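Raw data23.cif, mmCIF, C-alpha atoms and all ligand atoms:
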```cif
data_entry
loop_
_atom_site.group_PDB
_atom_site.id
_atom_site.type_symbol
_atom_site.label_atom_id
_atom_site.label_comp_id
_atom_site.auth_asym_id
_atom_site.auth_seq_id
_atom_site.Cartn_x
_atom_site.Cartn_y
_atom_site.Cartn_z
ATOM 1 C CA MET A 540 -43.407 66.275 31.699
ATOM 2 C CA LYS A 541 -46.157 63.698 31.731
ATOM 3 C CA PRO A 542 -48.969 65.936 32.977
ATOM 4 C CA ILE A 543 -48.178 68.510 30.293
ATOM 5 C CA ALA A 544 -48.303 65.865 27.576
ATOM 6 C CA SER A 545 -51.685 64.603 28.694
ATOM 7 C CA LEU A 546 -53.016 68.136 28.997
ATOM 8 C CA LEU A 547 -51.995 68.749 25.396
ATOM 9 C CA GLY A 548 -53.743 65.561 24.353
ATOM 10 C CA ALA A 549 -56.922 66.671 26.069
ATOM 11 C CA SER A 550 -56.973 70.087 24.414
ATOM 12 C CA LEU A 551 -56.324 68.529 20.990
ATOM 13 C CA LEU A 552 -59.341 66.300 21.552
ATOM 14 C CA ALA A 553 -61.441 69.296 22.536
ATOM 15 C CA ALA A 554 -60.321 71.169 19.402
ATOM 16 C CA THR A 555 -61.270 68.242 17.161
ATOM 17 C CA ALA A 556 -64.674 67.999 18.791
ATOM 18 C CA SER A 557 -65.480 71.662 18.209
ATOM 19 C CA VAL A 558 -64.434 71.480 14.547
ATOM 20 C CA ALA A 559 -66.787 68.537 14.028
ATOM 21 C CA LEU A 560 -69.582 70.525 15.655
ATOM 22 C CA ALA A 561 -68.965 73.531 13.400
ATOM 23 C CA GLN A 562 -69.274 71.386 10.277
ATOM 24 C CA ASP A 563 -72.499 69.657 11.259
ATOM 25 C CA ASP A 564 -74.163 72.631 12.755
ATOM 26 C CA THR A 565 -72.958 76.036 11.561
ATOM 27 C CA PRO A 566 -73.640 78.566 14.337
ATOM 28 C CA ASP A 567 -76.548 80.945 13.724
ATOM 29 C CA ASN A 568 -74.283 83.972 13.632
ATOM 30 C CA ILE A 569 -72.407 82.536 10.620
ATOM 31 C CA ALA A 570 -74.841 80.499 8.497
ATOM 32 C CA VAL A 571 -76.040 82.337 5.376
ATOM 33 C CA ALA A 572 -79.805 82.886 5.364
ATOM 34 C CA TYR A 573 -80.027 85.112 2.285
ATOM 35 C CA GLU A 574 -78.041 87.048 -0.322
ATOM 36 C CA GLU A 575 -78.707 90.591 -1.537
ATOM 37 C CA ASP A 576 -76.740 92.225 -4.378
ATOM 38 C CA GLY A 577 -73.585 90.260 -3.624
ATOM 39 C CA ARG A 578 -73.772 90.603 0.154
ATOM 40 C CA TYR A 579 -74.670 87.745 2.481
ATOM 41 C CA PHE A 580 -76.633 87.853 5.750
ATOM 42 C CA THR A 581 -77.628 85.586 8.623
ATOM 43 C CA GLU A 582 -81.235 85.115 9.664
ATOM 44 C CA ASP A 583 -80.686 88.025 12.100
ATOM 45 C CA ASP A 584 -79.686 90.340 9.212
ATOM 46 C CA VAL A 585 -76.065 90.356 10.361
ATOM 47 C CA PRO A 586 -73.436 90.357 7.575
ATOM 48 C CA THR A 587 -71.630 87.072 6.999
ATOM 49 C CA TYR A 588 -69.287 85.525 4.419
ATOM 50 C CA ASN A 589 -69.970 82.983 1.715
ATOM 51 C CA VAL A 590 -67.564 80.488 0.154
ATOM 52 C CA ALA A 591 -68.912 78.584 -2.852
ATOM 53 C CA GLU A 592 -68.124 74.904 -3.387
ATOM 54 C CA ASP A 593 -65.397 75.747 -5.895
ATOM 55 C CA GLY A 594 -63.752 78.073 -3.343
ATOM 56 C CA THR A 595 -64.999 81.374 -4.834
ATOM 57 C CA ILE A 596 -65.467 83.883 -2.004
ATOM 58 C CA ASP A 597 -67.972 86.724 -1.794
ATOM 59 C CA TRP A 598 -66.770 90.188 -2.839
ATOM 60 C CA PRO A 599 -67.150 91.763 0.651
ATOM 61 C CA SER A 600 -64.802 89.176 2.208
ATOM 62 C CA TYR A 601 -62.214 89.903 -0.476
ATOM 63 C CA SER A 602 -62.604 93.641 0.069
ATOM 64 C CA GLY A 603 -62.330 93.029 3.824
ATOM 65 C CA PHE A 604 -59.052 91.170 3.332
ATOM 66 C CA ARG A 605 -57.602 94.238 1.627
ATOM 67 C CA ARG A 606 -59.030 96.809 4.056
ATOM 68 C CA TYR A 607 -58.060 94.819 7.124
ATOM 69 C CA HIS A 608 -54.486 94.721 5.894
ATOM 70 C CA SER A 609 -54.385 98.458 5.289
ATOM 71 C CA GLU A 610 -56.083 99.636 8.514
ATOM 72 C CA CYS A 611 -55.974 96.989 11.250
ATOM 73 C CA HIS A 612 -53.132 94.518 10.826
ATOM 74 C CA VAL A 613 -50.386 96.796 12.193
ATOM 75 C CA CYS A 614 -51.845 96.242 15.661
ATOM 76 C CA HIS A 615 -53.983 93.104 15.304
ATOM 77 C CA GLY A 616 -51.493 91.055 13.293
ATOM 78 C CA PRO A 617 -51.755 89.686 9.752
ATOM 79 C CA GLU A 618 -54.955 87.784 8.875
ATOM 80 C CA GLY A 619 -56.604 88.522 12.210
ATOM 81 C CA GLU A 620 -54.177 86.286 14.090
ATOM 82 C CA GLY A 621 -53.562 88.816 16.884
ATOM 83 C CA SER A 622 -50.330 90.223 18.290
ATOM 84 C CA THR A 623 -48.720 90.777 21.663
ATOM 85 C CA TYR A 624 -50.401 94.219 21.635
ATOM 86 C CA ALA A 625 -53.947 93.576 20.379
ATOM 87 C CA PRO A 626 -56.393 90.645 20.379
ATOM 88 C CA ALA A 627 -56.948 88.133 17.543
ATOM 89 C CA LEU A 628 -59.897 89.641 15.693
ATOM 90 C CA LYS A 629 -60.636 86.373 13.869
ATOM 91 C CA VAL A 630 -61.745 85.143 17.296
ATOM 92 C CA SER A 631 -63.497 88.392 18.312
ATOM 93 C CA ALA A 632 -65.550 88.459 15.095
ATOM 94 C CA ILE A 633 -67.060 85.083 16.008
ATOM 95 C CA ASP A 634 -67.360 85.539 19.766
ATOM 96 C CA MET A 635 -68.522 89.138 19.940
ATOM 97 C CA ASP A 636 -71.966 90.332 19.088
ATOM 98 C CA TYR A 637 -71.906 92.169 15.729
ATOM 99 C CA TYR A 638 -73.151 95.422 17.285
ATOM 100 C CA ASP A 639 -70.546 95.277 20.059
ATOM 101 C CA PHE A 640 -67.816 94.695 17.489
ATOM 102 C CA TYR A 641 -69.066 97.689 15.519
ATOM 103 C CA ASP A 642 -69.270 99.842 18.632
ATOM 104 C CA VAL A 643 -65.632 99.199 19.612
ATOM 105 C CA VAL A 644 -64.432 100.238 16.142
ATOM 106 C CA VAL A 645 -66.591 103.378 16.027
ATOM 107 C CA ASN A 646 -65.826 104.562 19.566
ATOM 108 C CA GLY A 647 -62.524 102.884 20.411
ATOM 109 C CA ARG A 648 -61.700 101.320 23.756
ATOM 110 C CA GLN A 649 -58.830 101.514 26.179
ATOM 111 C CA LYS A 650 -57.446 99.726 29.147
ATOM 112 C CA ILE A 651 -54.893 101.882 30.889
ATOM 113 C CA ASP A 652 -53.724 101.073 34.393
ATOM 114 C CA ALA A 653 -50.532 100.007 36.172
ATOM 115 C CA SER A 654 -50.219 96.798 34.131
ATOM 116 C CA HIS A 655 -51.991 97.699 30.845
ATOM 117 C CA GLN A 656 -51.338 100.281 28.140
ATOM 118 C CA SER A 657 -53.873 99.089 25.645
ATOM 119 C CA VAL A 658 -55.518 101.536 23.241
ATOM 120 C CA MET A 659 -57.931 100.747 20.446
ATOM 121 C CA PRO A 660 -58.358 103.998 18.466
ATOM 122 C CA ALA A 661 -61.847 105.279 17.506
ATOM 123 C CA PHE A 662 -62.403 104.983 13.746
ATOM 124 C CA GLY A 663 -65.903 106.484 13.581
ATOM 125 C CA ASP A 664 -64.683 109.480 11.524
ATOM 126 C CA ASN A 665 -62.505 107.477 9.150
ATOM 127 C CA PRO A 666 -64.330 106.638 5.900
ATOM 128 C CA ASN A 667 -61.573 104.218 4.853
ATOM 129 C CA VAL A 668 -62.621 102.097 7.804
ATOM 130 C CA MET A 669 -66.313 102.883 8.226
ATOM 131 C CA CYS A 670 -67.231 102.414 4.542
ATOM 132 C CA TYR A 671 -65.658 98.943 4.693
ATOM 133 C CA LEU A 672 -66.360 97.821 8.250
ATOM 134 C CA ASN A 673 -68.867 95.143 7.249
ATOM 135 C CA ASP A 674 -66.314 93.838 4.737
ATOM 136 C CA ILE A 675 -63.613 93.683 7.416
ATOM 137 C CA TYR A 676 -66.037 91.988 9.789
ATOM 138 C CA VAL A 677 -67.087 89.230 7.365
ATOM 139 C CA TYR A 678 -63.476 88.615 6.307
ATOM 140 C CA LEU A 679 -62.538 88.138 9.970
ATOM 141 C CA LYS A 680 -65.466 85.788 10.567
ATOM 142 C CA ALA A 681 -64.295 83.686 7.624
ATOM 143 C CA ARG A 682 -60.787 83.615 9.110
ATOM 144 C CA GLY A 683 -62.250 82.579 12.461
ATOM 145 C CA THR A 684 -63.811 79.446 10.986
ATOM 146 C CA ASP A 685 -60.910 78.945 8.540
ATOM 147 C CA ALA A 686 -63.420 79.115 5.681
ATOM 148 C CA ILE A 687 -60.862 81.426 4.037
ATOM 149 C CA PRO A 688 -57.272 80.240 4.494
ATOM 150 C CA ARG A 689 -54.375 82.507 5.383
ATOM 151 C CA GLY A 690 -52.860 84.506 2.533
ATOM 152 C CA ARG A 691 -54.354 86.381 -0.392
ATOM 153 C CA PRO A 692 -57.746 84.905 -1.350
ATOM 154 C CA GLY A 693 -57.967 83.336 -4.818
ATOM 155 C CA LYS A 694 -61.247 83.318 -6.734
ATOM 156 C CA LYS A 695 -63.801 85.968 -5.806
ATOM 157 C CA GLU A 696 -67.244 87.054 -6.944
ATOM 158 C CA LYS A 697 -67.540 90.215 -9.029
ATOM 159 C CA LYS A 698 -68.269 93.464 -7.250
ATOM 160 C CA SER A 699 -71.983 94.141 -7.711
ATOM 161 C CA ASP A 700 -73.297 97.460 -9.068
ATOM 162 C CA VAL A 701 -75.085 98.102 -5.774
ATOM 163 C CA ILE A 702 -71.890 97.584 -3.771
ATOM 164 C CA ARG A 703 -70.064 99.963 -6.136
ATOM 165 C CA GLU A 704 -72.786 102.623 -5.826
ATOM 166 C CA ASP A 705 -72.963 102.310 -2.026
ATOM 167 C CA GLU A 706 -69.191 102.597 -1.791
ATOM 168 C CA ASN A 707 -69.109 105.788 -3.871
ATOM 169 C CA ALA A 708 -71.945 107.301 -1.838
ATOM 170 C CA CYS A 709 -70.229 106.401 1.434
ATOM 171 C CA LEU A 710 -66.816 107.779 0.445
ATOM 172 C CA GLY A 711 -68.599 110.950 -0.754
HETATM 173 C C1 LIG B 801 -53.162 101.352 17.080
HETATM 174 C C2 LIG B 801 -53.435 99.943 17.228
HETATM 175 C C3 LIG B 801 -54.766 99.422 16.729
HETATM 176 C C4 LIG B 801 -55.319 99.542 15.465
HETATM 177 C C5 LIG B 801 -54.736 100.251 14.242
HETATM 178 C C6 LIG B 801 -56.558 98.815 15.504
HETATM 179 N N1 LIG B 801 -56.769 98.291 16.755
HETATM 180 FE FE1 LIG B 801 -58.426 97.261 17.392
HETATM 181 N N2 LIG B 801 -57.652 97.109 19.255
HETATM 182 C C7 LIG B 801 -56.405 97.567 19.642
HETATM 183 C C8 LIG B 801 -56.194 97.215 21.038
HETATM 184 C C9 LIG B 801 -54.946 97.519 21.853
HETATM 185 C C10 LIG B 801 -57.346 96.546 21.480
HETATM 186 C C11 LIG B 801 -57.649 96.041 22.898
HETATM 187 C C12 LIG B 801 -58.317 97.205 23.631
HETATM 188 C C13 LIG B 801 -58.646 96.896 25.086
HETATM 189 O O1 LIG B 801 -57.788 96.318 25.767
HETATM 190 O O2 LIG B 801 -59.741 97.244 25.508
HETATM 191 C C14 LIG B 801 -58.245 96.492 20.333
HETATM 192 C C15 LIG B 801 -59.501 95.917 20.369
HETATM 193 C C16 LIG B 801 -60.327 95.773 19.275
HETATM 194 C C17 LIG B 801 -61.611 95.111 19.291
HETATM 195 C C18 LIG B 801 -62.246 94.410 20.485
HETATM 196 C C19 LIG B 801 -61.767 92.968 20.448
HETATM 197 C C20 LIG B 801 -62.216 92.111 21.590
HETATM 198 O O3 LIG B 801 -62.097 90.876 21.464
HETATM 199 O O4 LIG B 801 -62.649 92.632 22.612
HETATM 200 C C21 LIG B 801 -62.118 95.172 18.024
HETATM 201 C C22 LIG B 801 -63.442 94.614 17.528
HETATM 202 C C23 LIG B 801 -61.140 95.871 17.211
HETATM 203 N N3 LIG B 801 -60.068 96.231 17.997
HETATM 204 C C24 LIG B 801 -61.273 96.094 15.859
HETATM 205 C C25 LIG B 801 -60.327 96.763 15.067
HETATM 206 C C26 LIG B 801 -60.479 96.964 13.636
HETATM 207 C C27 LIG B 801 -61.623 96.443 12.793
HETATM 208 C C28 LIG B 801 -59.388 97.684 13.230
HETATM 209 C C29 LIG B 801 -59.091 98.224 11.829
HETATM 210 C C30 LIG B 801 -60.116 99.050 11.265
HETATM 211 C C31 LIG B 801 -58.571 97.934 14.412
HETATM 212 N N4 LIG B 801 -59.158 97.341 15.499
HETATM 213 C C32 LIG B 801 -57.391 98.665 14.406
HETATM 214 C C33 LIG B 801 -55.511 98.258 18.856
HETATM 215 C C34 LIG B 801 -55.705 98.636 17.535
#
```

Starting from the file, lay out its structure as structure tokens.
Ligand code: HEC
Amino acid sequence: MKPIASLLGASLLAATASVALAQDDTPDNIAVAYEEDGRYFTEDDVPTYNVAEDGTIDWPSYSGFRRYHSECHVCHGPEGEGSTYAPALKVSAIDMDYYDFYDVVVNGRQKIDASHQSVMPAFGDNPNVMCYLNDIYVYLKARGTDAIPRGRPGKKEKKSDVIREDENACLG
């Protein structure tokens, strides 16, 4: 039993260290560089979330919470936590390049061999996913850093006119 206990201790230490790092030095693929019509972006123009000091979250993250739970959670588990069938997307959204993440959702991906039966469907033709994919992505990034806790988010920004217009145009 002893080795297991000390292993656990070591991984707890490692976890604490990485949390401290995240607070002091938000990774480039998460830190907000600018805001545009209620959407937030990193310095590389990749969508990201924003949580104000009073806990108010950006509209896209709130929208992403809803869309994730209508389109993705059956396989990927509630709140991006993962399941025995599909990976924890709160981790993927941080670790994967934005364009790779996007590509998997548009085109799907499968691993089928003697020991795997793993199918991620292609959603490229599904407006209920594609019109909200950036929202789903930023929500999952916020889950990955725990910036947004589990459960239904509380205070949120208002939906901007531009977001409303873009949504209507996208849904057609
Ligand atoms: C029918 C089940 C199912 C649904 C619904 C589903 N996925 Fe997946 N997804 C999977 C499986 C299984 C994998 C792993 C595929 C593999 O092994 O290559 C996966 C993989 C992924 C990956 C790659 C993750 C990584 O770390 O490599 C992304 C990104 C992803 N899904 C996003 C989504 C999003 C966003 C939604 C909702 C719009 C969604 N998925 C809905 C089953 C699903």

List every protein, DNA or RNA residue that has at least one atom no more than 7 Å from (-65.8, 97.0, 2.7) in the file's coordinates, counting all atoms listed in the file, and write the result as a PDB file with C-alpha atoms, in the frame of the given file.
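Writing done, so here's part.pdb:
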```
ATOM      1  CA  PRO A 599     -67.150  91.763   0.651  1.00  0.00           C
ATOM      2  CA  SER A 602     -62.604  93.641   0.069  1.00  0.00           C
ATOM      3  CA  GLY A 603     -62.330  93.029   3.824  1.00  0.00           C
ATOM      4  CA  ARG A 606     -59.030  96.809   4.056  1.00  0.00           C
ATOM      5  CA  CYS A 670     -67.231 102.414   4.542  1.00  0.00           C
ATOM      6  CA  TYR A 671     -65.658  98.943   4.693  1.00  0.00           C
ATOM      7  CA  LEU A 672     -66.360  97.821   8.250  1.00  0.00           C
ATOM      8  CA  ASN A 673     -68.867  95.143   7.249  1.00  0.00           C
ATOM      9  CA  ASP A 674     -66.314  93.838   4.737  1.00  0.00           C
ATOM     10  CA  ILE A 675     -63.613  93.683   7.416  1.00  0.00           C
TER      11      ILE A 675
END
```

Q: Name each residue within 8 Å of ligand LIG 801 (chain B), counting all atoms listed in the file, as a PyMOL selection string.
A: chain A and resi 606-607+610-615+624-628+630-632+634-635+639-644+647-650+655-660+662+668-669+672+675-676

Hey, can you spit out that residue selection with C-alpha atoms as a PDB file, keeping the file's coordinate frame?
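Dumped everything to again.pdb:
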```
ATOM      1  CA  ARG A 606     -59.030  96.809   4.056  1.00  0.00           C
ATOM      2  CA  TYR A 607     -58.060  94.819   7.124  1.00  0.00           C
ATOM      3  CA  GLU A 610     -56.083  99.636   8.514  1.00  0.00           C
ATOM      4  CA  CYS A 611     -55.974  96.989  11.250  1.00  0.00           C
ATOM      5  CA  HIS A 612     -53.132  94.518  10.826  1.00  0.00           C
ATOM      6  CA  VAL A 613     -50.386  96.796  12.193  1.00  0.00           C
ATOM      7  CA  CYS A 614     -51.845  96.242  15.661  1.00  0.00           C
ATOM      8  CA  HIS A 615     -53.983  93.104  15.304  1.00  0.00           C
ATOM      9  CA  TYR A 624     -50.401  94.219  21.635  1.00  0.00           C
ATOM     10  CA  ALA A 625     -53.947  93.576  20.379  1.00  0.00           C
ATOM     11  CA  PRO A 626     -56.393  90.645  20.379  1.00  0.00           C
ATOM     12  CA  ALA A 627     -56.948  88.133  17.543  1.00  0.00           C
ATOM     13  CA  LEU A 628     -59.897  89.641  15.693  1.00  0.00           C
ATOM     14  CA  VAL A 630     -61.745  85.143  17.296  1.00  0.00           C
ATOM     15  CA  SER A 631     -63.497  88.392  18.312  1.00  0.00           C
ATOM     16  CA  ALA A 632     -65.550  88.459  15.095  1.00  0.00           C
ATOM     17  CA  ASP A 634     -67.360  85.539  19.766  1.00  0.00           C
ATOM     18  CA  MET A 635     -68.522  89.138  19.940  1.00  0.00           C
ATOM     19  CA  ASP A 639     -70.546  95.277  20.059  1.00  0.00           C
ATOM     20  CA  PHE A 640     -67.816  94.695  17.489  1.00  0.00           C
ATOM     21  CA  TYR A 641     -69.066  97.689  15.519  1.00  0.00           C
ATOM     22  CA  ASP A 642     -69.270  99.842  18.632  1.00  0.00           C
ATOM     23  CA  VAL A 643     -65.632  99.199  19.612  1.00  0.00           C
ATOM     24  CA  VAL A 644     -64.432 100.238  16.142  1.00  0.00           C
ATOM     25  CA  GLY A 647     -62.524 102.884  20.411  1.00  0.00           C
ATOM     26  CA  ARG A 648     -61.700 101.320  23.756  1.00  0.00           C
ATOM     27  CA  GLN A 649     -58.830 101.514  26.179  1.00  0.00           C
ATOM     28  CA  LYS A 650     -57.446  99.726  29.147  1.00  0.00           C
ATOM     29  CA  HIS A 655     -51.991  97.699  30.845  1.00  0.00           C
ATOM     30  CA  GLN A 656     -51.338 100.281  28.140  1.00  0.00           C
ATOM     31  CA  SER A 657     -53.873  99.089  25.645  1.00  0.00           C
ATOM     32  CA  VAL A 658     -55.518 101.536  23.241  1.00  0.00           C
ATOM     33  CA  MET A 659     -57.931 100.747  20.446  1.00  0.00           C
ATOM     34  CA  PRO A 660     -58.358 103.998  18.466  1.00  0.00           C
ATOM     35  CA  PHE A 662     -62.403 104.983  13.746  1.00  0.00           C
ATOM     36  CA  VAL A 668     -62.621 102.097   7.804  1.00  0.00           C
ATOM     37  CA  MET A 669     -66.313 102.883   8.226  1.00  0.00           C
ATOM     38  CA  LEU A 672     -66.360  97.821   8.250  1.00  0.00           C
ATOM     39  CA  ILE A 675     -63.613  93.683   7.416  1.00  0.00           C
ATOM     40  CA  TYR A 676     -66.037  91.988   9.789  1.00  0.00           C
TER      41      TYR A 676
END
```

Take the PyMOL selection byres (((chain A and resi 586) around 9) and not hetatm), apply it to the structure above, and return the hits as a compact mmCIF listing (two decimals) with C-alpha atoms, in the frame of the given file.
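Full text of result_7.txt as output:
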```txt
# COMPACT_ATOMS: atom_id res chain seq x y z
CA ASN A 568 -74.28 83.97 13.63
CA ILE A 569 -72.41 82.54 10.62
CA VAL A 571 -76.04 82.34 5.38
CA ARG A 578 -73.77 90.60 0.15
CA TYR A 579 -74.67 87.74 2.48
CA PHE A 580 -76.63 87.85 5.75
CA THR A 581 -77.63 85.59 8.62
CA ASP A 583 -80.69 88.02 12.10
CA ASP A 584 -79.69 90.34 9.21
CA VAL A 585 -76.06 90.36 10.36
CA THR A 587 -71.63 87.07 7.00
CA TYR A 588 -69.29 85.52 4.42
CA TYR A 637 -71.91 92.17 15.73
CA ASN A 673 -68.87 95.14 7.25
CA ASP A 674 -66.31 93.84 4.74
CA TYR A 676 -66.04 91.99 9.79
CA VAL A 677 -67.09 89.23 7.36
```

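Compared by their closest atoms to Cys709 of chain A, and using only C-alpha atoms, the residues A:Pro666, A:Val645, A:Tyr638, A:Gly621 rank with A:Pro666 nearest.
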
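Comparing A:Ile633, A:Leu710, A:Ile687, A:Leu679 by their smallest distance to Ala591 of chain A, the closest is A:Ile687 (using all atoms listed in the file).
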
How big is the axis-aligned box, and where does its centre sit, when it encloses all atoms of segment 634-645 of chain A listed in the file and has 6 Å added on every side, reported in Å to one decimal as JSON?
```
{"center_x": -68.8, "center_y": 94.5, "center_z": 17.8, "size_x": 20.7, "size_y": 29.8, "size_z": 16.5}
```

Q) When you draw a straight line from atom CA of Asp597 of chain A to atom CA of Ile702 of chain A, how long is it in Å? A) 11.7 Å

Q: Taking (-59.0, 84.7, 8.5) in the file's own coordinates, collect the residues within 10 Å, counting all atoms listed in the file, and hand them back as a PyMOL selection string.
A: chain A and resi 600+604+617-620+627-630+677-690+692

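One finds atom CA of Asp576 of chain A at 13.1 Å from atom CA of Glu706 of chain A.
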
Q) Nearest to Asn707 of chain A among A:Asn667, A:Tyr601, A:Asn646, A:Thr595, with distances taken over only C-alpha atoms: which residue is it? A) A:Asn667

(Q) Quick one: residues within 8 Å of Lys698 of chain A, all atoms listed in the file, excluding same-chain residues fewer than 2 positions away - as a PyMOL selection string? (A) chain A and resi 577+598+696+700+702-703

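Picture a line from atom CA of Asp664 of chain A to atom CA of Asp636 of chain A; it runs 21.8 Å.
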
Q) Which residue gives the smallest distance to His608 of chain A among A:Lys697, A:Arg691, A:Asp705, A:Tyr573, with all atoms listed in the file counted? A) A:Arg691
